[in-house]
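For reference, start15.pdb (PDB, C-alpha atoms and all ligand atoms):
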```pdb
MODEL        1
ATOM      1  CA  MET A 284     -31.465 -19.808   0.579
ATOM      2  CA  VAL A 285     -33.951 -17.108  -0.423
ATOM      3  CA  LEU A 286     -34.064 -15.899   3.164
ATOM      4  CA  ARG A 287     -30.292 -15.782   3.364
ATOM      5  CA  LEU A 288     -30.179 -13.795   0.162
ATOM      6  CA  LEU A 289     -32.762 -11.387   1.480
ATOM      7  CA  ARG A 290     -30.777 -10.854   4.655
ATOM      8  CA  TYR A 291     -27.643 -10.208   2.638
ATOM      9  CA  GLU A 292     -29.489  -7.748   0.410
ATOM     10  CA  PHE A 293     -30.885  -5.998   3.443
ATOM     11  CA  TYR A 294     -27.437  -5.291   4.764
ATOM     12  CA  CYS A 295     -26.212  -4.244   1.352
ATOM     13  CA  TYR A 296     -28.756  -1.465   1.349
ATOM     14  CA  LEU A 297     -27.803  -0.234   4.799
ATOM     15  CA  ARG A 298     -24.783   2.009   4.732
ATOM     16  CA  VAL A 299     -21.856   0.506   6.554
ATOM     17  CA  VAL A 300     -20.310   2.733   9.224
ATOM     18  CA  ILE A 301     -16.604   3.238   8.586
ATOM     19  CA  LEU A 302     -15.231   3.680  12.068
ATOM     20  CA  SER A 303     -12.516   6.328  12.025
ATOM     21  CA  GLY A 304      -9.929   5.880  14.738
ATOM     22  CA  LYS A 305      -8.173   8.929  13.353
ATOM     23  CA  GLN A 306     -11.060  11.236  14.173
ATOM     24  CA  LEU A 307     -11.635   9.811  17.666
ATOM     25  CA  SER A 308      -7.940   9.808  18.505
ATOM     26  CA  ASP A 309      -7.618  13.441  17.356
ATOM     27  CA  ASN A 310     -10.440  14.371  19.748
ATOM     28  CA  ILE A 311      -8.904  12.444  22.653
ATOM     29  CA  LYS A 312      -5.456  13.913  21.977
ATOM     30  CA  ALA A 313      -6.923  17.434  21.977
ATOM     31  CA  GLN A 314      -8.493  16.698  25.388
ATOM     32  CA  LEU A 315      -5.224  15.262  26.683
ATOM     33  CA  ALA A 316      -3.343  18.357  25.491
ATOM     34  CA  LYS A 317      -5.689  20.530  27.569
ATOM     35  CA  GLU A 318      -5.155  18.283  30.595
ATOM     36  CA  VAL A 319      -1.367  18.198  30.208
ATOM     37  CA  ALA A 320      -1.284  22.020  29.926
ATOM     38  CA  THR A 321      -2.515  22.183  33.540
ATOM     39  CA  PHE A 322       0.274  19.905  34.850
ATOM     40  CA  PRO A 323       3.138  22.437  35.197
ATOM     41  CA  GLU A 324       1.049  24.444  37.643
ATOM     42  CA  LYS A 325      -0.358  21.354  39.384
ATOM     43  CA  TYR A 326       2.710  19.120  39.474
ATOM     44  CA  GLY A 327       5.608  21.351  38.458
ATOM     45  CA  ARG A 328       6.312  19.510  35.204
ATOM     46  CA  VAL A 329       4.821  17.552  32.292
ATOM     47  CA  PRO A 330       4.936  13.752  31.731
ATOM     48  CA  HIS A 331       8.053  12.314  30.095
ATOM     49  CA  LEU A 332       7.989   9.237  27.841
ATOM     50  CA  ALA A 333      11.219   7.442  26.919
ATOM     51  CA  VAL A 334      11.113   5.190  23.849
ATOM     52  CA  VAL A 335      13.926   2.715  23.212
ATOM     53  CA  LEU A 336      14.426   1.600  19.617
ATOM     54  CA  VAL A 337      17.012  -1.075  18.862
ATOM     55  CA  GLY A 338      18.146  -1.467  15.253
ATOM     56  CA  ASP A 339      16.908  -0.059  11.968
ATOM     57  CA  ASP A 340      13.643  -1.834  11.164
ATOM     58  CA  PRO A 341      11.900   0.787   8.981
ATOM     59  CA  ALA A 342       8.385  -0.032  10.227
ATOM     60  CA  SER A 343       9.503   0.258  13.877
ATOM     61  CA  ALA A 344      11.267   3.552  13.114
ATOM     62  CA  THR A 345       8.038   4.881  11.573
ATOM     63  CA  TYR A 346       5.962   3.823  14.604
ATOM     64  CA  VAL A 347       8.467   5.416  16.977
ATOM     65  CA  ARG A 348       8.388   8.684  15.014
ATOM     66  CA  SER A 349       4.569   8.700  15.181
ATOM     67  CA  LYS A 350       4.726   8.250  18.954
ATOM     68  CA  GLY A 351       7.139  11.187  19.258
ATOM     69  CA  LYS A 352       4.897  13.371  17.080
ATOM     70  CA  ALA A 353       1.837  12.562  19.209
ATOM     71  CA  CYS A 354       3.789  13.440  22.371
ATOM     72  CA  ASP A 355       4.864  16.774  20.838
ATOM     73  CA  LEU A 356       1.272  17.562  19.892
ATOM     74  CA  ILE A 357      -0.001  16.907  23.416
ATOM     75  CA  GLY A 358       2.912  18.526  25.221
ATOM     76  CA  ILE A 359       4.409  15.317  26.627
ATOM     77  CA  GLN A 360       8.193  15.456  26.909
ATOM     78  CA  ASN A 361       9.686  12.599  24.920
ATOM     79  CA  THR A 362      13.073  11.081  24.353
ATOM     80  CA  THR A 363      13.956   8.419  21.796
ATOM     81  CA  ILE A 364      17.002   6.329  22.591
ATOM     82  CA  HIS A 365      18.153   4.729  19.359
ATOM     83  CA  LEU A 366      20.553   1.846  19.939
ATOM     84  CA  PRO A 367      22.403   0.009  17.149
ATOM     85  CA  GLN A 368      21.246  -3.379  15.857
ATOM     86  CA  ASP A 369      24.187  -5.176  17.511
ATOM     87  CA  THR A 370      23.476  -3.742  20.978
ATOM     88  CA  SER A 371      24.058  -6.479  23.552
ATOM     89  CA  GLU A 372      21.281  -7.654  25.846
ATOM     90  CA  GLU A 373      23.325  -6.380  28.825
ATOM     91  CA  SER A 374      23.609  -2.879  27.318
ATOM     92  CA  LEU A 375      19.872  -2.743  26.693
ATOM     93  CA  LEU A 376      19.084  -3.934  30.235
ATOM     94  CA  GLU A 377      21.516  -1.312  31.599
ATOM     95  CA  GLN A 378      19.760   1.390  29.543
ATOM     96  CA  ILE A 379      16.398   0.275  30.947
ATOM     97  CA  ARG A 380      17.825   0.295  34.486
ATOM     98  CA  LEU A 381      18.990   3.906  34.021
ATOM     99  CA  LEU A 382      15.522   4.929  32.797
ATOM    100  CA  ASN A 383      13.877   3.118  35.736
ATOM    101  CA  GLU A 384      16.063   5.092  38.141
ATOM    102  CA  ASP A 385      15.553   8.438  36.394
ATOM    103  CA  GLU A 386      12.958  10.277  38.485
ATOM    104  CA  GLY A 387      12.203  12.563  35.533
ATOM    105  CA  VAL A 388      11.013   9.671  33.336
ATOM    106  CA  ASP A 389       7.394   8.524  33.796
ATOM    107  CA  GLY A 390       6.946   6.033  30.986
ATOM    108  CA  ILE A 391       9.281   3.583  29.249
ATOM    109  CA  LEU A 392       8.528   1.785  25.980
ATOM    110  CA  VAL A 393      10.869  -0.682  24.304
ATOM    111  CA  GLN A 394       9.768  -0.948  20.682
ATOM    112  CA  LEU A 395       9.172  -4.515  19.486
ATOM    113  CA  PRO A 396      10.327  -6.609  17.764
ATOM    114  CA  LEU A 397      13.842  -6.662  19.221
ATOM    115  CA  PRO A 398      16.782  -8.225  17.347
ATOM    116  CA  ASP A 399      16.900 -12.032  17.695
ATOM    117  CA  HIS A 400      19.927 -12.060  20.022
ATOM    118  CA  ILE A 401      17.980 -10.143  22.712
ATOM    119  CA  ASP A 402      15.529 -11.974  24.960
ATOM    120  CA  GLU A 403      12.354  -9.914  24.553
ATOM    121  CA  MET A 404      10.867 -11.128  27.835
ATOM    122  CA  LYS A 405      13.984 -10.143  29.792
ATOM    123  CA  ALA A 406      13.836  -6.637  28.343
ATOM    124  CA  LEU A 407      10.119  -6.152  28.954
ATOM    125  CA  TYR A 408      10.268  -7.545  32.485
ATOM    126  CA  ALA A 409      13.192  -5.244  33.307
ATOM    127  CA  ILE A 410      10.972  -2.153  32.892
ATOM    128  CA  ALA A 411       9.684  -0.825  36.242
ATOM    129  CA  ARG A 412       6.029  -1.828  36.523
ATOM    130  CA  GLU A 413       4.871   1.701  37.314
ATOM    131  CA  LYS A 414       6.611   3.054  34.176
ATOM    132  CA  ASP A 415       5.382   0.258  31.872
ATOM    133  CA  VAL A 416       3.229   2.214  29.393
ATOM    134  CA  ASP A 417       2.747  -0.934  27.261
ATOM    135  CA  GLY A 418       1.129  -3.016  30.014
ATOM    136  CA  PHE A 419       3.521  -5.889  29.239
ATOM    137  CA  HIS A 420       5.115  -6.229  32.711
ATOM    138  CA  PRO A 421       3.990  -9.505  34.398
ATOM    139  CA  GLU A 422       2.284  -7.651  37.261
ATOM    140  CA  ASN A 423       0.321  -5.514  34.783
ATOM    141  CA  VAL A 424      -0.581  -8.608  32.759
ATOM    142  CA  ALA A 425      -1.684 -10.405  35.934
ATOM    143  CA  ALA A 426      -3.790  -7.408  36.964
ATOM    144  CA  LEU A 427      -5.568  -7.453  33.609
ATOM    145  CA  TRP A 428      -6.349 -11.166  33.832
ATOM    146  CA  ARG A 429      -7.378 -10.970  37.470
ATOM    147  CA  ARG A 430      -9.733  -8.060  37.567
ATOM    148  CA  ARG A 431     -13.067  -7.558  35.913
ATOM    149  CA  THR A 432     -13.144  -3.768  35.851
ATOM    150  CA  GLU A 433     -12.403  -1.442  32.958
ATOM    151  CA  PRO A 434      -8.942   0.116  32.610
ATOM    152  CA  GLU A 435     -10.372   3.466  33.610
ATOM    153  CA  ASP A 436     -11.536   1.977  36.925
ATOM    154  CA  ASN A 437      -8.047   1.193  38.033
ATOM    155  CA  PRO A 438      -5.449   3.241  36.218
ATOM    156  CA  LYS A 439      -2.654   1.950  38.470
ATOM    157  CA  TYR A 440      -2.105  -0.956  36.100
ATOM    158  CA  SER A 441      -1.426  -0.195  32.440
ATOM    159  CA  VAL A 442      -3.483  -2.025  29.828
ATOM    160  CA  PRO A 443      -1.864  -2.763  26.414
ATOM    161  CA  CYS A 444      -2.395   0.142  24.040
ATOM    162  CA  THR A 445      -4.078  -1.448  21.009
ATOM    163  CA  PRO A 446      -6.670  -3.400  23.061
ATOM    164  CA  ARG A 447      -7.439  -0.309  25.149
ATOM    165  CA  GLY A 448      -7.903   1.684  21.938
ATOM    166  CA  ILE A 449     -10.201  -0.958  20.417
ATOM    167  CA  ILE A 450     -12.564  -0.943  23.401
ATOM    168  CA  ARG A 451     -12.545   2.862  23.342
ATOM    169  CA  LEU A 452     -13.432   2.835  19.643
ATOM    170  CA  LEU A 453     -16.296   0.340  20.149
ATOM    171  CA  LYS A 454     -17.712   2.384  23.005
ATOM    172  CA  ALA A 455     -17.426   5.661  21.075
ATOM    173  CA  ALA A 456     -19.439   4.045  18.277
ATOM    174  CA  ASP A 457     -22.073   2.897  20.799
ATOM    175  CA  VAL A 458     -21.460  -0.749  19.929
ATOM    176  CA  GLU A 459     -23.143  -2.893  22.535
ATOM    177  CA  ILE A 460     -20.657  -5.467  23.819
ATOM    178  CA  GLU A 461     -22.502  -7.044  26.727
ATOM    179  CA  GLY A 462     -23.977 -10.432  25.850
ATOM    180  CA  LYS A 463     -22.579 -10.324  22.304
ATOM    181  CA  ARG A 464     -20.587 -13.067  20.665
ATOM    182  CA  ALA A 465     -17.044 -11.758  20.143
ATOM    183  CA  VAL A 466     -14.468 -13.626  18.092
ATOM    184  CA  VAL A 467     -10.800 -12.637  18.222
ATOM    185  CA  VAL A 468      -8.561 -13.996  15.469
ATOM    186  CA  GLY A 469      -4.975 -14.009  16.772
ATOM    187  CA  ARG A 470      -3.547 -14.824  20.196
ATOM    188  CA  SER A 471      -0.582 -12.460  20.545
ATOM    189  CA  ASN A 472       0.457 -10.975  23.880
ATOM    190  CA  ILE A 473       0.230  -7.493  22.356
ATOM    191  CA  VAL A 474      -3.313  -7.637  20.930
ATOM    192  CA  GLY A 475      -5.186 -10.964  20.721
ATOM    193  CA  LEU A 476      -5.022 -12.145  24.316
ATOM    194  CA  PRO A 477      -5.497  -8.775  26.055
ATOM    195  CA  VAL A 478      -8.339  -7.649  23.768
ATOM    196  CA  ALA A 479     -10.101 -10.971  24.401
ATOM    197  CA  LYS A 480      -9.878 -10.338  28.160
ATOM    198  CA  LEU A 481     -11.128  -6.745  27.807
ATOM    199  CA  LEU A 482     -14.112  -7.982  25.761
ATOM    200  CA  LEU A 483     -14.758 -10.576  28.454
ATOM    201  CA  ASN A 484     -14.641  -7.790  31.064
ATOM    202  CA  GLU A 485     -17.386  -6.108  29.060
ATOM    203  CA  ASN A 486     -19.463  -9.307  29.359
ATOM    204  CA  ALA A 487     -19.084 -10.506  25.779
ATOM    205  CA  THR A 488     -18.870 -14.250  25.131
ATOM    206  CA  VAL A 489     -15.404 -14.570  23.656
ATOM    207  CA  THR A 490     -13.798 -17.114  21.324
ATOM    208  CA  ILE A 491     -10.109 -16.904  20.413
ATOM    209  CA  CYS A 492      -9.030 -18.355  17.050
ATOM    210  CA  HIS A 493      -5.453 -18.975  15.904
ATOM    211  CA  SER A 494      -3.333 -20.641  13.238
ATOM    212  CA  HIS A 495      -4.472 -24.150  14.319
ATOM    213  CA  THR A 496      -8.180 -23.296  14.314
ATOM    214  CA  LYS A 497     -10.118 -25.577  11.987
ATOM    215  CA  ASP A 498     -12.659 -24.022   9.618
ATOM    216  CA  LEU A 499     -11.956 -20.455  10.716
ATOM    217  CA  GLY A 500     -14.788 -19.055   8.590
ATOM    218  CA  SER A 501     -17.458 -21.052  10.383
ATOM    219  CA  ILE A 502     -16.388 -19.467  13.691
ATOM    220  CA  THR A 503     -15.826 -15.902  12.437
ATOM    221  CA  LYS A 504     -19.288 -16.089  10.855
ATOM    222  CA  GLU A 505     -20.826 -16.432  14.313
ATOM    223  CA  ALA A 506     -19.275 -13.181  15.564
ATOM    224  CA  ASP A 507     -21.308 -10.085  16.369
ATOM    225  CA  ILE A 508     -17.961  -8.411  17.049
ATOM    226  CA  LEU A 509     -14.992  -9.698  15.061
ATOM    227  CA  VAL A 510     -11.446  -8.568  15.910
ATOM    228  CA  VAL A 511      -8.760  -9.679  13.473
ATOM    229  CA  ALA A 512      -5.125  -9.381  14.571
ATOM    230  CA  VAL A 513      -2.893 -11.875  12.791
ATOM    231  CA  GLY A 514      -0.724  -9.722  10.507
ATOM    232  CA  GLU A 515      -1.736 -11.383   7.260
ATOM    233  CA  ALA A 516      -3.700  -9.567   4.557
ATOM    234  CA  GLY A 517      -6.908 -11.241   3.428
ATOM    235  CA  THR A 518      -7.272 -13.498   6.488
ATOM    236  CA  VAL A 519     -10.963 -12.594   6.714
ATOM    237  CA  ARG A 520     -12.914 -12.358   3.475
ATOM    238  CA  GLU A 521     -16.459 -12.116   2.217
ATOM    239  CA  GLY A 522     -18.321 -15.232   3.306
ATOM    240  CA  MET A 523     -16.538 -15.341   6.662
ATOM    241  CA  VAL A 524     -18.521 -12.491   8.226
ATOM    242  CA  LYS A 525     -22.035 -12.477   9.641
ATOM    243  CA  PRO A 526     -24.322  -9.843   8.084
ATOM    244  CA  GLY A 527     -24.405  -6.818  10.355
ATOM    245  CA  ALA A 528     -21.216  -7.734  12.275
ATOM    246  CA  VAL A 529     -18.856  -5.146  13.738
ATOM    247  CA  VAL A 530     -15.432  -5.798  12.208
ATOM    248  CA  ILE A 531     -12.256  -4.452  13.814
ATOM    249  CA  ASP A 532      -9.182  -4.840  11.633
ATOM    250  CA  VAL A 533      -5.890  -4.599  13.541
ATOM    251  CA  GLY A 534      -3.595  -5.693  10.702
ATOM    252  CA  ILE A 535      -1.176  -3.317   9.003
ATOM    253  CA  ASN A 536       0.394  -5.111   6.052
ATOM    254  CA  ARG A 537       2.422  -3.473   3.293
ATOM    255  CA  GLY A 538       1.159  -4.917  -0.007
ATOM    256  CA  GLN A 539       3.080  -5.439  -3.229
ATOM    257  CA  ASP A 540       1.259  -2.338  -4.471
ATOM    258  CA  GLY A 541       3.165  -0.381  -1.794
ATOM    259  CA  LYS A 542      -0.095   0.402   0.033
ATOM    260  CA  LEU A 543      -1.172  -0.575   3.550
ATOM    261  CA  HIS A 544      -3.753  -3.360   3.854
ATOM    262  CA  GLY A 545      -5.511  -4.781   6.880
ATOM    263  CA  ASP A 546      -6.054  -8.441   7.751
ATOM    264  CA  VAL A 547      -9.619  -8.098   6.446
ATOM    265  CA  ASP A 548     -10.499  -7.818   2.768
ATOM    266  CA  PHE A 549     -12.164  -4.420   3.214
ATOM    267  CA  GLU A 550     -13.847  -4.263  -0.201
ATOM    268  CA  GLY A 551     -15.319  -7.749   0.149
ATOM    269  CA  VAL A 552     -16.560  -7.300   3.704
ATOM    270  CA  LYS A 553     -17.700  -3.661   3.861
ATOM    271  CA  ASP A 554     -21.145  -4.326   2.396
ATOM    272  CA  ILE A 555     -21.834  -7.187   4.800
ATOM    273  CA  ALA A 556     -20.648  -5.603   8.060
ATOM    274  CA  SER A 557     -22.604  -2.878   9.860
ATOM    275  CA  VAL A 558     -19.402  -1.266  11.172
ATOM    276  CA  ILE A 559     -15.826  -1.714   9.937
ATOM    277  CA  THR A 560     -12.502  -0.055  10.707
ATOM    278  CA  PRO A 561     -10.388   1.076   7.742
ATOM    279  CA  VAL A 562      -6.651   0.492   7.311
ATOM    280  CA  PRO A 563      -4.984   2.914   7.636
ATOM    281  CA  GLY A 564      -6.925   5.282   9.922
ATOM    282  CA  GLY A 565      -8.792   2.732  12.060
ATOM    283  CA  VAL A 566      -7.149   0.970  14.979
ATOM    284  CA  GLY A 567      -3.612   2.335  14.338
ATOM    285  CA  PRO A 568      -4.260   5.893  15.560
ATOM    286  CA  MET A 569      -6.084   4.502  18.614
ATOM    287  CA  THR A 570      -2.943   2.588  19.640
ATOM    288  CA  ILE A 571      -0.919   5.796  19.761
ATOM    289  CA  CYS A 572      -3.715   7.625  21.521
ATOM    290  CA  SER A 573      -3.868   4.906  24.216
ATOM    291  CA  LEU A 574      -0.105   5.140  24.628
ATOM    292  CA  MET A 575      -0.529   8.839  25.359
ATOM    293  CA  GLU A 576      -3.253   8.044  27.906
ATOM    294  CA  ASN A 577      -1.114   5.341  29.521
ATOM    295  CA  THR A 578       1.781   7.814  29.774
ATOM    296  CA  VAL A 579      -0.421  10.422  31.450
ATOM    297  CA  ASP A 580      -1.815   7.727  33.798
ATOM    298  CA  CYS A 581       1.710   6.598  34.765
ATOM    299  CA  PHE A 582       2.696  10.236  35.379
ATOM    300  CA  ILE A 583      -0.335  10.903  37.601
ATOM    301  CA  ASN A 584       0.132   7.643  39.497
ATOM    302  CA  ARG A 585       3.734   8.575  40.233
ATOM    303  CA  GLN A 586       2.837  11.960  41.751
TER     304      GLN A 586
HETATM  305  N1  LIG A 601       5.413  -3.253  18.270
HETATM  306  C1  LIG A 601       4.197  -3.376  17.692
HETATM  307  N2  LIG A 601       3.217  -3.003  18.548
HETATM  308  C2  LIG A 601       3.844  -2.639  19.702
HETATM  309  C3  LIG A 601       3.362  -2.156  20.954
HETATM  310  O1  LIG A 601       2.167  -2.001  21.199
HETATM  311  N3  LIG A 601       4.331  -1.888  21.879
HETATM  312  C4  LIG A 601       5.651  -2.086  21.638
HETATM  313  N4  LIG A 601       6.514  -1.803  22.625
HETATM  314  N5  LIG A 601       6.129  -2.518  20.481
HETATM  315  C5  LIG A 601       5.230  -2.796  19.518
ENDMDL
END
```

Can you present the structure in this file as structure tokens?
Amino acid sequence: MVLRLLRYEFYCYLRVVILSGKQLSDNIKAQLAKEVATFPEKYGRVPHLAVVLVGDDPASATYVRSKGKACDLIGIQNTTIHLPQDTSEESLLEQIRLLNEDEGVDGILVQLPLPDHIDEMKALYAIAREKDVDGFHPENVAALWRRRTEPEDNPKYSVPCTPRGIIRLLKAADVEIEGKRAVVVGRSNIVGLPVAKLLLNENATVTICHSHTKDLGSITKEADILVVAVGEAGTVREGMVKPGAVVIDVGINRGQDGKLHGDVDFEGVKDIASVITPVPGGVGPMTICSLMENTVDCFINRQ
């Protein structure tokens, strides 16, 4: 008990590193802008990202606007196609088909979630694999689960944006991944599963937890690297984190106070972790930054 207290105290005295995704993503976007500026001379045009938004979900509309702003900053041409909530599945699939056939479009993103009457899988699978900037097409998913190399090694296959951004953030902070115990809380197709595979590619030993996991805290407490992506504020609290752990909070939850909160209780965990991402300003900006990189990769691969 005394030893455990001492260890806790030790970490309390060390300053936790608050890992800013905002700062890193600003740097990467500035680099991308320089690269994109050379494209008109090299390729005769700049990349073009088409984003399809169905319905009026305010959070989705905000995300889509942020994507457009990032494109404008970097010099990527971008088009948002806003379809009404009652758009039929056939109309959406037809819209995707038109974008697939448009030679001037390099990347296509259908913002999720889609209205209930549209089969999400049908829409995502309809996107041409080489224009799939989300990495959700089955061939891109298969490529991720098959290979062991980093996304940068084989840019032909897109890797989902948030997981790509998380690995980038860990590497920028010089977090050693190889041989570490990584625990991912959440098993979504967008974040949990792909980030677990990317951590595995980096030679971490990976455990995936989910809503049926028994005694979650006993598993999260073993993590050197803890990624939390469940979409529920306060999922990970003080007492569930190993002293000195690296904590990556993917959640973006609007609280009753009107503010954004992560899945991790930041105040309770920040003095125990050695590194922690804030919400907002942590993983969120990295997602958009990775989308920009995926768009540029798709453009280059199509040349
Ligand atoms: N909704 C929430 N995250 C994402 C994402 O990464 N891609 C898409 N298309 N929709 C989302």

Per residue of chain A within 7 Å of ligand LIG 601 (chain A), note the shortest atom pair and the distance in Å to one decimal, counting all atoms listed in the file, and order the rows by chain and increasing residue number, as CSV.
```
residue,atom,partner,partner_atom,distance
A:Ser343,CA,A:LIG601,N1,7.0
A:Leu392,CA,A:LIG601,N4,5.3
A:Val393,CA,A:LIG601,N4,4.8
A:Gln394,CA,A:LIG601,N4,3.9
A:Leu395,CA,A:LIG601,N5,3.8
A:Pro396,CA,A:LIG601,N1,6.0
A:Asp417,CA,A:LIG601,N3,5.7
A:Pro443,CA,A:LIG601,O1,6.6
A:Cys444,CA,A:LIG601,O1,5.8
A:Thr445,CA,A:LIG601,O1,6.3
A:Ile473,CA,A:LIG601,O1,5.9
```

Spatial neighbours of region 564-566 of chain A, max dist 9 Å, only C-alpha atoms, sep filter under 2 positions, as an NGL selection string: :A and (301-306 or 445 or 448-449 or 452 or 531-534 or 559-562 or 568-570)

Given only C-alpha atoms as the counted atoms, nearest of A:Val329, A:Ala556, A:Val474, A:Ile359 to Pro446 (chain A): A:Val474

Test item: residues at most 12 Å from Val552 (chain A), all atoms listed in the file, excluding those fewer than 6 positions along its chain, as number ranges by chain: A: 291, 294-295, 299, 301, 504, 509, 517-532, 545-546, 558-561

Picked residues, the PyMOL selection byres (((chain A and resi 490-495) around 7) and not hetatm), as an MDAnalysis selection string: chainID A and resid 465:470 488:489 496:497

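The residue that comes closest to Asp402 (chain A), out of A:Leu375, A:Val424, A:Leu315, A:Met575 and on the basis of all atoms listed in the file, is A:Leu375.
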
CA of Arg380 (chain A) to CA of Leu407 (chain A), distance in Å rounded to a single decimal: 11.5 Å

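Of the listed residues (A:Lys454, A:His400, A:His544, A:Arg537), A:Lys454 comes nearest to Leu307 (chain A); the distances count only C-alpha atoms.
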
Selection result of the PyMOL selection byres (((chain A and resi 410) around 12) and not hetatm) on this file, as a PyMOL selection string: chain A and resi 333-335+375-384+388-393+403-409+411-423

Explicit residue set for the PyMOL selection byres (((chain A and resi 460) around 8) and not hetatm), as a PyMOL selection string: chain A and resi 458-459+461-463+482+485-487+508

Test item: residues at most 9 Å from Thr370 (chain A), only C-alpha atoms, excluding those fewer than 5 positions along its chain, as a PDB file with C-alpha atoms, in the frame of the given file:
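And here is the file that came out, around21.pdb:
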```pdb
ATOM      1  CA  VAL A 337      17.012  -1.075  18.862  1.00  0.00           C
ATOM      2  CA  GLY A 338      18.146  -1.467  15.253  1.00  0.00           C
ATOM      3  CA  LEU A 375      19.872  -2.743  26.693  1.00  0.00           C
ATOM      4  CA  PRO A 398      16.782  -8.225  17.347  1.00  0.00           C
ATOM      5  CA  ILE A 401      17.980 -10.143  22.712  1.00  0.00           C
TER       6      ILE A 401
END
```

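The coordinates place CA of Ser471 (chain A) at 21.3 Å from CA of Asp507 (chain A).
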
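Counting only C-alpha atoms, the residue from A:Lys439, A:Arg447, A:His365, A:Lys312 that sits nearest to Lys352 (chain A) is A:Lys312.
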
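From CA of Thr578 (chain A) back to CA of Pro330 (chain A), the distance works out to 7.0 Å.
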